[in-house]
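Containing compact mmCIF, C-alpha atoms: upload.txt.
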# COMPACT_ATOMS: atom_id res chain seq x y z
CA MET A 1067 0.48 -14.10 37.07
CA GLN A 1068 0.73 -17.66 35.82
CA LEU A 1069 -1.56 -16.72 32.95
CA LEU A 1070 0.91 -14.02 31.87
CA GLU A 1071 3.82 -16.47 32.01
CA ARG A 1072 1.86 -18.99 29.97
CA TYR A 1073 1.13 -16.30 27.38
CA LEU A 1074 4.80 -15.26 27.18
CA ASN A 1075 5.84 -18.89 26.90
CA ALA A 1076 3.38 -19.40 24.03
CA VAL A 1077 4.79 -16.37 22.20
CA ARG A 1078 8.36 -17.60 22.83
CA PHE A 1079 7.58 -20.91 21.07
CA TRP A 1080 7.04 -19.17 17.72
CA LEU A 1081 10.01 -16.78 17.91
CA PRO A 1082 13.43 -17.34 16.31
CA SER A 1083 15.55 -19.04 18.95
CA ALA A 1084 18.32 -16.43 18.85
CA GLN A 1085 15.92 -13.65 19.79
CA GLN A 1086 13.50 -15.40 22.13
CA ASP A 1087 14.92 -14.18 25.45
CA ASP A 1088 15.30 -10.58 24.32
CA ILE A 1089 11.83 -10.26 22.77
CA VAL A 1090 10.02 -12.07 25.59
CA ALA A 1091 11.80 -9.92 28.20
CA GLU A 1092 10.68 -6.73 26.49
CA LEU A 1093 7.17 -7.98 25.81
CA GLY A 1094 6.85 -9.20 29.41
CA ASP A 1095 7.98 -5.85 30.77
CA ASP A 1096 5.47 -4.00 28.60
CA LEU A 1097 2.62 -6.23 29.75
CA ARG A 1098 3.61 -5.99 33.41
CA THR A 1099 3.74 -2.21 33.13
CA GLU A 1100 0.28 -2.15 31.56
CA ILE A 1101 -1.05 -4.47 34.28
CA ALA A 1102 0.53 -2.33 37.00
CA ASP A 1103 -1.07 0.83 35.55
CA ARG A 1104 -4.45 -0.84 35.43
CA GLU A 1105 -4.13 -2.10 38.98
CA SER A 1106 -3.13 1.37 40.09
CA ASP A 1107 -6.28 2.82 38.47
CA LEU A 1108 -8.50 0.18 40.09
CA GLY A 1109 -6.73 0.21 43.43
CA ARG A 1110 -6.57 -3.58 43.51
CA SER A 1111 -5.05 -6.58 41.73
CA LEU A 1112 -6.56 -7.74 38.47
CA ASN A 1113 -8.61 -10.92 38.47
CA GLU A 1114 -8.11 -13.63 35.86
CA ASP A 1115 -10.86 -12.32 33.57
CA GLU A 1116 -9.36 -8.82 33.51
CA LEU A 1117 -5.86 -10.18 32.90
CA SER A 1118 -7.22 -12.44 30.19
CA ALA A 1119 -8.88 -9.42 28.52
CA ILE A 1120 -5.53 -7.59 28.42
CA LEU A 1121 -3.80 -10.59 26.87
CA LYS A 1122 -6.64 -11.14 24.42
CA ARG A 1123 -6.41 -7.54 23.28
CA ARG A 1124 -2.68 -7.97 22.81
CA GLY A 1125 -3.38 -10.80 20.38
CA ASP A 1126 -2.92 -14.46 19.62
CA PRO A 1127 0.68 -15.62 20.44
CA VAL A 1128 1.31 -16.75 16.86
CA ARG A 1129 0.22 -13.42 15.47
CA VAL A 1130 2.29 -11.51 18.01
CA ALA A 1131 5.39 -13.60 17.26
CA SER A 1132 4.93 -13.24 13.50
CA GLN A 1133 5.35 -9.47 13.76
CA TYR A 1134 8.95 -10.05 14.83
CA LEU A 1135 9.83 -12.36 11.98
CA ASP A 1136 11.82 -11.03 9.07
CA LEU A 1137 9.48 -12.46 6.48
CA LYS A 1138 10.49 -12.53 2.84
CA PRO A 1139 8.30 -14.02 0.11
CA LEU A 1140 9.42 -17.44 -1.10
CA ILE A 1141 9.32 -16.15 -4.65
CA GLY A 1142 9.48 -12.39 -5.23
CA PRO A 1143 7.41 -10.29 -7.62
CA THR A 1144 10.12 -10.27 -10.33
CA LEU A 1145 10.23 -14.04 -10.67
CA MET A 1146 6.56 -14.73 -9.93
CA PRO A 1147 5.21 -14.32 -13.52
CA VAL A 1148 7.97 -16.60 -14.83
CA TYR A 1149 7.26 -19.12 -12.07
CA TRP A 1150 3.53 -19.31 -12.85
CA PHE A 1151 4.24 -19.60 -16.56
CA VAL A 1152 6.57 -22.56 -15.98
CA VAL A 1153 4.13 -24.27 -13.59
CA LYS A 1154 1.24 -23.92 -16.06
CA LEU A 1155 3.40 -25.00 -18.98
CA VAL A 1156 4.60 -28.16 -17.26
CA ALA A 1157 1.41 -29.09 -15.38
CA LEU A 1158 -1.11 -28.38 -18.13
CA TRP A 1159 0.68 -28.47 -21.45
CA ILE A 1160 3.24 -31.19 -20.86
CA LEU A 1161 2.09 -33.54 -18.10
CA VAL A 1162 -1.61 -33.69 -18.99
CA PRO A 1163 -1.10 -34.49 -22.70
CA CYS A 1164 1.68 -36.98 -21.86
CA PHE A 1165 -0.52 -38.87 -19.43
CA ALA A 1166 -3.73 -38.54 -21.43
CA LEU A 1167 -2.34 -39.41 -24.84
CA ILE A 1168 0.66 -41.63 -24.20
CA ILE A 1169 0.85 -43.14 -20.72
CA GLY A 1170 -2.91 -43.65 -20.32
CA PRO A 1171 -3.45 -45.50 -23.63
CA ILE A 1172 -0.33 -47.60 -23.04
CA GLU A 1173 -1.53 -48.60 -19.57
CA MET A 1174 -4.97 -49.32 -20.94
CA ALA A 1175 -3.55 -51.51 -23.72
CA ARG A 1176 -1.48 -53.45 -21.21
CA SER A 1177 -4.15 -53.80 -18.55
CA SER A 1178 -7.01 -56.27 -18.39
CA ASN A 1179 -9.16 -53.63 -16.65
CA PRO A 1180 -9.19 -50.35 -18.63
CA GLY A 1181 -11.16 -48.54 -15.94
CA LEU A 1182 -8.58 -49.35 -13.29
CA ALA A 1183 -5.80 -48.44 -15.69
CA TRP A 1184 -7.27 -44.97 -16.25
CA GLY A 1185 -7.80 -44.55 -12.52
CA ALA A 1186 -4.16 -45.40 -11.89
CA THR A 1187 -3.13 -43.02 -14.69
CA LEU A 1188 -5.13 -40.17 -13.17
CA TRP A 1189 -3.60 -40.85 -9.76
CA ASN A 1190 -0.10 -40.93 -11.23
CA LEU A 1191 -0.85 -37.68 -13.09
CA PHE A 1192 -1.90 -36.04 -9.82
CA MET A 1193 1.22 -37.28 -8.01
CA GLY A 1194 3.36 -36.19 -10.94
CA GLN A 1195 1.89 -32.70 -10.81
CA VAL A 1196 2.42 -32.45 -7.04
CA PHE A 1197 6.03 -33.57 -7.41
CA THR A 1198 6.65 -31.26 -10.35
CA PHE A 1199 5.06 -28.32 -8.56
CA GLY A 1200 7.34 -28.97 -5.58
CA ILE A 1201 10.51 -29.23 -7.66
CA ILE A 1202 9.70 -26.11 -9.71
CA THR A 1203 8.91 -24.17 -6.54
CA LEU A 1204 12.15 -25.33 -4.90
CA VAL A 1205 14.20 -24.29 -7.92
CA PHE A 1206 12.63 -20.86 -8.04
CA VAL A 1207 13.06 -20.37 -4.28
CA LEU A 1208 16.77 -21.17 -4.65
CA VAL A 1209 17.07 -18.79 -7.59
CA GLU A 1210 15.29 -16.07 -5.60
CA ARG A 1211 17.83 -16.43 -2.83
CA SER A 1212 20.86 -16.68 -5.06
CA ASP A 1213 23.00 -13.54 -5.19
CA ALA A 1214 24.38 -14.54 -8.57
CA ALA A 1215 20.86 -14.84 -9.99
CA ARG A 1216 19.84 -11.49 -8.52
CA ARG A 1217 22.89 -9.81 -10.05
CA ALA A 1218 22.06 -11.41 -13.38
CA PHE A 1219 18.47 -10.11 -13.24
CA ASP A 1220 19.62 -6.61 -12.26
CA LYS A 1221 22.13 -6.63 -15.11
CA SER A 1222 19.46 -7.83 -17.55
CA ALA A 1223 17.03 -5.12 -16.41
CA ALA A 1224 19.67 -2.41 -16.79
CA GLU A 1225 20.81 -3.55 -20.26
CA TRP A 1226 17.35 -4.35 -21.67
CA ASP A 1227 16.79 -3.05 -25.22
CA PRO A 1228 13.20 -2.79 -26.57
CA ARG A 1229 14.49 -3.54 -30.07
CA THR A 1230 15.34 -7.11 -29.02
CA LEU A 1231 11.72 -7.93 -28.16
CA PRO A 1232 10.29 -10.87 -30.16
CA SER A 1233 8.18 -10.18 -33.25
CA LEU A 1234 4.42 -10.19 -33.00
CA PRO A 1235 2.79 -13.61 -33.50
CA ALA A 1236 0.61 -13.86 -36.59
CA SER A 1237 -2.62 -13.59 -34.56
CA LYS A 1238 -1.51 -10.30 -33.04
CA ALA A 1239 -0.29 -9.06 -36.41
CA ARG A 1240 -3.83 -9.70 -37.64
CA GLN A 1241 -5.09 -7.36 -34.98
CA SER A 1242 -3.17 -4.67 -36.79
CA GLY A 1243 -5.55 -5.30 -39.67
CA ALA A 1244 -4.03 -7.76 -42.17
CA THR A 1245 -3.10 -11.42 -42.56
CA PRO A 1246 0.67 -11.70 -42.77
CA ARG A 1247 1.95 -12.68 -46.18
CA SER A 1248 4.13 -15.39 -44.61
CA THR A 1249 1.06 -17.08 -43.14
CA ALA A 1250 -0.69 -17.19 -46.50
CA ILE A 1251 2.36 -18.57 -48.31
CA THR A 1252 2.84 -21.23 -45.62
CA GLU A 1253 -0.75 -22.34 -46.08
CA ILE A 1254 -0.30 -22.64 -49.83
CA VAL A 1255 2.92 -24.62 -49.51
CA THR A 1256 1.60 -27.03 -46.86
CA GLY A 1257 -1.64 -27.47 -48.79
CA VAL A 1258 0.27 -28.38 -51.93
CA ILE A 1259 2.48 -30.83 -50.05
CA ASN A 1260 -0.56 -32.48 -48.41
CA ALA A 1261 -2.40 -32.78 -51.72
CA LEU A 1262 0.67 -34.27 -53.46
CA ALA A 1263 1.14 -36.73 -50.59
CA VAL A 1264 -2.46 -37.90 -50.90
CA LEU A 1265 -2.14 -38.29 -54.66
CA ALA A 1266 1.17 -40.11 -54.33
CA PHE A 1267 0.37 -42.50 -51.51
CA LEU A 1268 -3.37 -42.91 -51.20
CA TRP A 1269 -4.55 -43.16 -54.76
CA SER A 1270 -3.83 -46.89 -54.79
CA PRO A 1271 -3.46 -49.34 -51.93
CA LEU A 1272 -0.40 -48.33 -49.91
CA GLU A 1273 1.96 -51.20 -49.07
CA PHE A 1274 5.54 -51.59 -47.96
CA ARG A 1275 7.45 -54.82 -47.85
CA PHE A 1276 10.21 -55.38 -45.33
CA ASP A 1277 11.88 -58.77 -45.73
CA GLN A 1278 9.02 -61.25 -45.32
CA VAL A 1279 6.56 -58.77 -43.74
CA LEU A 1280 4.06 -56.73 -45.73
CA ILE A 1281 2.92 -53.51 -44.07
CA ALA A 1282 -0.32 -52.21 -45.56
CA ALA A 1283 -2.38 -49.15 -44.91
CA ALA A 1284 -5.92 -50.00 -43.83
CA PRO A 1285 -8.76 -49.49 -46.35
CA VAL A 1286 -10.02 -46.45 -44.42
CA TRP A 1287 -7.20 -44.37 -45.90
CA ILE A 1288 -8.28 -45.12 -49.47
CA MET A 1289 -11.88 -44.49 -48.51
CA LEU A 1290 -10.97 -41.00 -47.29
CA ARG A 1291 -8.60 -40.02 -50.08
CA TRP A 1292 -10.99 -37.53 -51.69
CA PRO A 1293 -11.77 -35.73 -48.41
CA LEU A 1294 -8.05 -35.71 -47.53
CA LEU A 1295 -7.22 -34.30 -50.95
CA GLY A 1296 -9.97 -31.74 -50.44
CA MET A 1297 -8.38 -30.63 -47.15
CA GLY A 1298 -5.04 -30.06 -48.87
CA LEU A 1299 -6.68 -28.06 -51.66
CA ALA A 1300 -8.71 -26.08 -49.11
CA SER A 1301 -5.50 -24.98 -47.42
CA VAL A 1302 -4.14 -23.82 -50.80
CA ALA A 1303 -7.36 -21.93 -51.49
CA LEU A 1304 -7.26 -20.26 -48.10
CA GLY A 1305 -3.68 -19.15 -48.70
CA TRP A 1306 -4.59 -17.61 -52.09
CA PHE A 1307 -7.61 -15.92 -50.56
CA SER A 1308 -5.44 -14.37 -47.83
CA LEU A 1309 -2.90 -13.16 -50.40
CA ALA A 1310 -5.66 -11.62 -52.52
CA ARG A 1311 -7.62 -10.12 -49.64
CA PRO A 1312 -5.31 -9.73 -46.62
CA PHE A 1313 -7.76 -7.49 -44.75
CA ALA A 1314 -10.72 -9.85 -45.02
CA LEU A 1315 -10.10 -11.21 -41.52
CA ARG A 1316 -13.63 -12.27 -40.65
CA GLU A 1317 -14.09 -14.13 -43.92
CA ARG A 1318 -10.74 -15.85 -43.46
CA GLN A 1319 -11.62 -16.82 -39.90
CA VAL A 1320 -14.93 -18.33 -41.06
CA ILE A 1321 -13.16 -20.37 -43.75
CA GLN A 1322 -10.62 -21.62 -41.18
CA ILE A 1323 -13.41 -22.65 -38.83
CA VAL A 1324 -15.07 -24.65 -41.60
CA ILE A 1325 -11.75 -26.31 -42.50
CA ASP A 1326 -11.03 -27.15 -38.87
CA ALA A 1327 -14.51 -28.60 -38.43
CA ALA A 1328 -14.06 -30.74 -41.54
CA ASN A 1329 -10.65 -31.85 -40.26
CA LEU A 1330 -12.20 -32.82 -36.96
CA VAL A 1331 -14.82 -34.92 -38.72
CA LEU A 1332 -12.13 -36.62 -40.80
CA ILE A 1333 -10.08 -37.40 -37.71
CA GLY A 1334 -13.19 -38.73 -36.03
CA VAL A 1335 -13.91 -41.06 -38.97
CA LEU A 1336 -10.30 -42.21 -38.93
CA LEU A 1337 -10.37 -42.86 -35.19
CA PHE A 1338 -13.63 -44.78 -35.55
CA ALA A 1339 -11.96 -47.13 -38.03
CA GLY A 1340 -9.90 -48.54 -35.17
CA GLU A 1341 -7.18 -49.99 -37.36
CA TRP A 1342 -4.88 -48.07 -39.64
CA VAL A 1343 -2.03 -50.42 -40.38
CA THR A 1344 -1.99 -54.17 -40.99
CA LEU A 1345 1.00 -56.49 -40.98
CA HIS A 1346 1.01 -59.65 -43.07
CA ALA A 1347 3.52 -62.50 -43.27
CA ASN A 1348 3.68 -66.15 -44.28
CA PHE A 1349 4.34 -67.06 -40.68
CA SER A 1350 2.40 -66.29 -37.52
CA SER A 1351 4.21 -64.71 -34.66
CA ASP A 1352 3.36 -62.94 -31.39
CA ALA A 1353 5.97 -60.34 -32.26
CA LEU A 1354 4.11 -59.56 -35.49
CA VAL A 1355 0.83 -59.18 -33.64
CA ASN A 1356 2.47 -56.94 -31.04
CA ALA A 1357 4.14 -54.83 -33.69
CA ALA A 1358 0.78 -54.26 -35.39
CA GLU A 1359 -0.82 -53.36 -32.05
CA TRP A 1360 1.92 -50.90 -31.17
CA SER A 1361 1.84 -49.33 -34.61
CA ASN A 1362 -1.90 -48.81 -34.42
CA LEU A 1363 -1.57 -47.52 -30.87
CA GLY A 1364 0.95 -44.94 -32.04
CA ILE A 1365 -1.34 -43.81 -34.83
CA ARG A 1366 -4.26 -43.66 -32.43
CA ILE A 1367 -2.21 -41.41 -30.17
CA GLY A 1368 -1.21 -39.23 -33.09
CA LEU A 1369 -4.81 -38.92 -34.24
CA GLY A 1370 -5.84 -38.09 -30.67
CA VAL A 1371 -3.24 -35.33 -30.49
CA GLY A 1372 -4.40 -34.10 -33.88
CA ALA A 1373 -8.00 -34.05 -32.70
CA LEU A 1374 -7.05 -32.06 -29.60
CA ILE A 1375 -5.01 -29.53 -31.55
CA THR A 1376 -7.70 -29.16 -34.21
CA GLY A 1377 -10.42 -28.85 -31.59
CA TYR A 1378 -8.47 -26.20 -29.71
CA SER A 1379 -7.81 -24.33 -32.95
CA LEU A 1380 -11.51 -24.45 -33.85
CA VAL A 1381 -12.60 -23.09 -30.47
CA ASP A 1382 -9.87 -20.45 -30.47
CA LYS A 1383 -10.85 -19.21 -33.93
CA ALA A 1384 -14.54 -19.21 -33.08
CA LEU A 1385 -13.84 -17.12 -29.99
CA SER A 1386 -11.50 -14.75 -31.80
CA LEU A 1387 -14.17 -14.25 -34.46
CA THR A 1388 -16.13 -12.32 -31.86
CA ARG A 1389 -13.13 -10.04 -31.32
CA ILE A 1390 -12.57 -9.16 -34.99
CA ARG A 1391 -14.59 -6.08 -35.85
CA PRO A 1392 -15.85 -5.64 -39.43
CA ARG A 1393 -13.69 -3.06 -41.22
CA THR A 1394 -15.52 0.22 -41.70
CA ILE A 1395 -14.52 2.95 -44.05
CA PRO A 1396 -14.13 6.15 -42.00
CA SER A 1397 -16.53 8.90 -43.01
CA GLN A 1398 -15.00 11.94 -44.63
CA ALA A 1399 -14.64 15.02 -42.40
CA LEU A 1400 -16.86 17.91 -43.33
CA MET B 159 -17.36 -4.79 8.00
CA SER B 160 -18.34 -3.83 4.46
CA PRO B 161 -15.84 -4.24 1.60
CA SER B 162 -15.42 -0.46 1.37
CA ASP B 163 -14.68 -0.21 5.12
CA GLU B 164 -12.09 -2.95 4.77
CA LEU B 165 -10.58 -1.17 1.79
CA LEU B 166 -10.49 2.10 3.71
CA ASP B 167 -8.76 0.38 6.65
CA ASN B 168 -6.11 -1.08 4.36
CA LEU B 169 -5.50 2.27 2.70
CA ARG B 170 -5.29 4.01 6.08
CA LEU B 171 -2.66 1.47 7.14
CA GLU B 172 -0.66 2.21 4.01
CA LEU B 173 -0.95 5.93 4.65
CA ARG B 174 0.18 5.62 8.26
CA ARG B 175 3.01 3.16 7.74
CA GLY B 176 5.71 5.62 6.72
CA SER B 177 4.43 8.33 9.07
CA LEU B 178 4.76 6.06 12.10
CA ILE B 179 8.48 5.55 11.46
CA LEU B 180 9.01 9.30 11.37
CA ALA B 181 6.90 9.81 14.50
CA VAL B 182 8.80 7.14 16.45
CA MET B 183 12.16 8.56 15.38
CA ALA B 184 11.02 12.06 16.33
CA GLN B 185 10.04 10.92 19.83
CA LEU B 186 13.30 9.03 20.30
CA ARG B 187 15.39 12.14 20.01
CA SER B 188 15.09 11.75 23.78
CA GLU B 189 15.56 8.38 25.48
CA GLN B 190 12.38 6.44 26.25
CA TYR B 191 11.21 2.89 26.82
CA GLY B 192 8.52 1.25 24.76
CA TYR B 193 5.51 1.64 27.02
CA ILE B 194 6.07 5.36 27.64
CA LEU B 195 6.85 5.94 23.96
CA ARG B 196 3.54 4.40 22.98
CA LYS B 197 1.64 6.43 25.57
CA SER B 198 3.25 9.69 24.50
CA LEU B 199 2.43 9.00 20.85
CA THR B 200 -1.17 8.22 21.81
CA ASP B 201 -1.39 11.44 23.82
CA LEU B 202 -0.17 13.33 20.74
CA GLY B 203 -2.92 11.72 18.62
CA LEU B 204 -0.96 8.90 16.99
CA ASP B 205 -2.25 5.53 18.14
CA ILE B 206 0.20 2.72 17.59
CA ASP B 207 -0.37 -0.91 18.43
CA GLU B 208 2.23 -2.63 20.67
CA ASN B 209 2.56 -5.39 18.10
CA THR B 210 3.57 -2.74 15.57
CA LEU B 211 5.76 -0.59 17.82
CA TYR B 212 8.12 -3.17 19.30
CA PRO B 213 8.98 -4.97 16.04
CA LEU B 214 9.48 -1.51 14.48
CA LEU B 215 11.90 -0.52 17.25
CA ARG B 216 13.87 -3.75 16.76
CA ARG B 217 14.00 -3.24 13.01
CA LEU B 218 15.21 0.34 13.34
CA GLU B 219 17.85 -0.82 15.80
CA THR B 220 18.99 -3.58 13.42
CA GLN B 221 19.29 -0.92 10.72
CA GLY B 222 21.55 1.13 13.01
CA LEU B 223 19.11 4.00 13.45
CA LEU B 224 18.45 3.38 17.14
CA SER B 225 20.53 2.24 20.06
CA SER B 226 19.10 0.52 23.13
CA VAL B 227 20.18 -0.35 26.64
CA TRP B 228 18.57 -2.39 29.40
CA ARG B 229 18.30 -0.47 32.64
CA GLU B 230 16.51 -1.00 35.92
CA GLN B 231 13.66 1.37 36.69
CA ASP B 232 10.89 0.92 39.27
CA LYS B 233 12.45 -2.43 40.23
CA ARG B 234 12.05 -3.77 36.72
CA ASN B 235 14.43 -4.14 33.80
CA LYS B 236 13.36 -1.93 30.93
CA ARG B 237 14.83 -1.41 27.50
CA PHE B 238 15.47 2.23 26.68
CA TYR B 239 15.74 3.40 23.10
CA LYS B 240 17.31 6.51 21.61
CA LEU B 241 18.24 7.73 18.14
CA SER B 242 21.81 6.82 17.23
CA PRO B 243 24.06 9.41 15.56
CA VAL B 244 23.26 7.83 12.20
CA GLY B 245 19.60 7.83 13.17
CA GLU B 246 19.69 11.56 13.89
CA THR B 247 21.12 12.31 10.45
CA VAL B 248 18.60 10.05 8.73
CA PHE B 249 15.77 11.56 10.77
CA GLU B 250 16.61 15.12 9.70
CA ARG B 251 16.69 14.06 6.05
CA LEU B 252 13.44 12.16 6.40
CA ARG B 253 11.87 15.15 8.07
CA ALA B 254 12.90 17.41 5.18
CA GLU B 255 11.55 14.82 2.76
CA TRP B 256 8.26 14.65 4.64
CA GLU B 257 7.89 18.45 4.68
CA GLN B 258 8.48 18.61 0.95
CA LEU B 259 6.02 15.79 0.39
CA ASN B 260 3.44 17.60 2.50
CA GLU B 261 3.83 20.77 0.46
CA SER B 262 3.55 18.89 -2.82
CA LEU B 263 0.49 17.02 -1.61
CA ALA B 264 -1.12 20.26 -0.47
CA ARG B 265 -0.58 21.71 -3.95
CA VAL B 266 -2.09 18.60 -5.56
CA MET B 267 -5.13 18.83 -3.27
CA ASP B 268 -5.54 22.55 -3.99
CA SER B 269 -5.28 22.00 -7.75
CA GLN B 270 -8.10 19.45 -7.64
CA THR B 271 -10.43 21.68 -5.63
CA ALA B 272 -9.70 24.90 -7.57
CA PRO B 273 -12.67 25.94 -9.72
CA ALA B 274 -12.23 25.26 -13.47
CA THR B 275 -11.78 28.38 -15.50
CA GLY B 276 -13.13 28.59 -19.05
CA VAL B 277 -11.61 30.45 -21.95
Show me, as structure tokens, the structure contained in the file I just sent.
Amino acid sequence: MQLLERYLNAVRFWLPSAQQDDIVAELGDDLRTEIADRESDLGRSLNEDELSAILKRRGDPVRVASQYLDLKPLIGPTLMPVYWFVVKLVALWILVPCFALIIGPIEMARSSNPGLAWGATLWNLFMGQVFTFGIITLVFVLVERSDAARRAFDKSAAEWDPRTLPSLPASKARQSGATPRSTAITEIVTGVINALAVLAFLWSPLEFRFDQVLIAAAPVWIMLRWPLLGMGLASVALGWFSLARPFALRERQVIQIVIDAANLVLIGVLLFAGEWVTLHANFSSDALVNAAEWSNLGIRIGLGVGALITGYSLVDKALSLTRIRPRTIPSQAL
Amino acid sequence: MSPSDELLDNLRLELRRGSLILAVMAQLRSEQYGYILRKSLTDLGLDIDENTLYPLLRRLETQGLLSSVWREQDKRNKRFYKLSPVGETVFERLRAEWEQLNESLARVMDSQTAPATGV
């Protein structure tokens, strides 16, 4: 019967310590009774193979012990959607852009080996995500087990009022058939502001003087003034179009795709220039050189973010174009 | 095992889960120990795995529906279970609930198999 005792000992290992003796005693009695019945049927003692077959049928010790555990999920079904939203938000939409657009370029600028710098950045991003995932999970586990939090959720569920739900976003409002007026007006206003800014600042060389330092915009800005002005005016035109024809969703989407594509090209040309700000002074100084480098680095990052946002917008609009059905006039009933 | 067999097994488990509790409580209106309880349920057509039965008995006891006592029988210590007074009350209510559920389910099944009548 040593095999039986070994089996019971293996089950005991995985049981909660307070209940080990009780559970193993009952389990042992059940197995001994089954063995005794079998031996009575056979008229002899069981051999090791037969005993092993009984224990094998009973199941792996871990599995047997797990049936006695009062298992609760770490994070319950109520909190789970919120948990996943927070994890995705932090891991994808905060950490990745931070590392890709800020920390990575900074490390690359400071390092003599850009490849190694990016490798280190990727590793740090991975470790950051692991750490963040762990902290978020821990917080949600604690909330799940907090009586105060549970009472707060129950209270919120009981007092919930559908009228307090947030308004539809503009994209969903479009699915109801029309471009919101607010969207069109926003486009007009921002287009006008952009166009005025181009006319005010880029129609002649842009320079600022601080004390003995002259800060000048690079020639690429002047070179692109007409396309930049065009982008501002295109936004105004789109806004007027949407006000005049709010239900022309497909046409509007096509225009937006063209504008986004043009924006992307402009950003690409700007990025290719490599230098957007120059600093001049009657004296030479490392601090001046560094300031110029950091300024251009900041603009590079901003342009990179702009490229990502514009690229995402372009893809999103192209995909949503497939979901917008052409409006059809319903046929009259006979 | 094909995906549909696996699905059927999972659904059967779901279907049996609540019924097993009622069956165990019904049998424990008289005192029994685990091995005999399992055998009597099997003889009555309700197979129950030992790894399901014993944790279920412990859970029902923790919930106050069963009481247990260790006693020597056939030169071995065995744990005997029986419905507690609370358990008896809960069992009767569960039984009524189950009978009502059975009737409702029978009506649902009959309504689906009844021939459609046209106007």
How big is the axis-aligned box around all listed atoms of stretch 1099-1105 of chain A once 6 Å goes on each side, and where's its centre, in Å to one decimal, as JSON?
{"center_x": -0.4, "center_y": -1.8, "center_z": 35.3, "size_x": 20.2, "size_y": 17.3, "size_z": 19.4}
For this session: Please measure the separation of atom CA of A:Ser1308 and atom CA of A:Leu1330, giving the value in Å to one decimal.
Result: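 Interatomic distance, atom CA of A:Ser1308 to atom CA of A:Leu1330: 22.5 Å.
For the residues A:Ala1303, A:Val1153, A:Val1128, A:Leu1070, ranking by smallest atom-to-atom distance to chain B using only C-alpha atoms places A:Val1128 first.
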For this session: Extract, using only C-alpha atoms, all DNA, RNA and protein residues at most 10 Å from A:Asp1096, discarding same-chain residues fewer than 6 positions from it, and format them as a PyMOL selection string.
Result: (chain A and resi 1090+1102) or (chain B and resi 191-194+208+212+236-237)
Mind writing the picked residues with C-alpha atoms as a compact mmCIF listing (two decimals), in the frame of the given file?
# COMPACT_ATOMS: atom_id res chain seq x y z
CA VAL A 1090 10.02 -12.07 25.59
CA ALA A 1102 0.53 -2.33 37.00
CA TYR B 191 11.21 2.89 26.82
CA GLY B 192 8.52 1.25 24.76
CA TYR B 193 5.51 1.64 27.02
CA ILE B 194 6.07 5.36 27.64
CA GLU B 208 2.23 -2.63 20.67
CA TYR B 212 8.12 -3.17 19.30
CA LYS B 236 13.36 -1.93 30.93
CA ARG B 237 14.83 -1.41 27.50
For this session: Tell me which protein, DNA and RNA residues are within 12 Å of A:Leu1191, counting only C-alpha atoms, leaving out same-chain ones fewer than 5 positions away, and put them as an MDAnalysis selection string.
Result: chainID A and resid 1156:1158 1160:1170 1184:1186 1196:1199
For this session: Counting all atoms listed in the file, collect the residues of chain A whose closest atom lies at most 7 Å from chain B, and write them out as a list of chain:residue names.
Result: A:Glu1092, A:Asp1095, A:Asp1096, A:Val1130, A:Gln1133, A:Tyr1134
With all atoms listed in the file as the counted atoms, please give the residues lying no more than 6 Å from stretch 242-245 of chain B, apart from itself and same-chain residues fewer than 4 positions off, as a PDB file with C-alpha atoms, keeping the file's coordinate frame.
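The resulting file, around39.pdb, is shown below:
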ATOM      1  CA  LEU B 223      19.110   4.000  13.450  1.00  0.00           C
ATOM      2  CA  LEU B 224      18.450   3.380  17.140  1.00  0.00           C
ATOM      3  CA  SER B 225      20.530   2.240  20.060  1.00  0.00           C
ATOM      4  CA  PHE B 249      15.770  11.560  10.770  1.00  0.00           C
TER       5      PHE B 249
END
Could you pull the residues within 10 Å of A:Pro1293, counting only C-alpha atoms, minus those fewer than 5 positions along the same chain, as a PDB file with C-alpha atoms, in the coordinates of the input?
ATOM      1  CA  VAL A1264      -2.460 -37.900 -50.900  1.00  0.00           C
ATOM      2  CA  GLY A1298      -5.040 -30.060 -48.870  1.00  0.00           C
ATOM      3  CA  LEU A1299      -6.680 -28.060 -51.660  1.00  0.00           C
ATOM      4  CA  ALA A1328     -14.060 -30.740 -41.540  1.00  0.00           C
ATOM      5  CA  ASN A1329     -10.650 -31.850 -40.260  1.00  0.00           C
ATOM      6  CA  LEU A1332     -12.130 -36.620 -40.800  1.00  0.00           C
TER       7      LEU A1332
END
For this session: Rank B:Asp205, B:Ser269, B:Leu263, B:Tyr239 by their smallest atom-to-atom distance to B:Leu171, using all atoms listed in the file, and report the top residue only.
Result: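 Result for the nearest residue to B:Leu171: B:Asp205.
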Problem set entry | Separation of atom CA of A:Leu1093 from atom CA of A:Pro1127 in Å |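 Computing the Euclidean distance for atom CA of A:Pro1127 and atom CA of A:Leu1093 yields 11.4 Å.
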For this session: Would you be able to write out as a ChimeraX atom specification which residues have an atom within 12 Å of (1.1, 9.3, 8.9) in the file's coordinates, counting only C-alpha atoms?
Result: /B:169-182,203-206,256,259-260
Exercise. What is the atom CA of B:Arg196 to atom CA of A:Asp1107 distance in Å?
Worked result: 18.4 Å
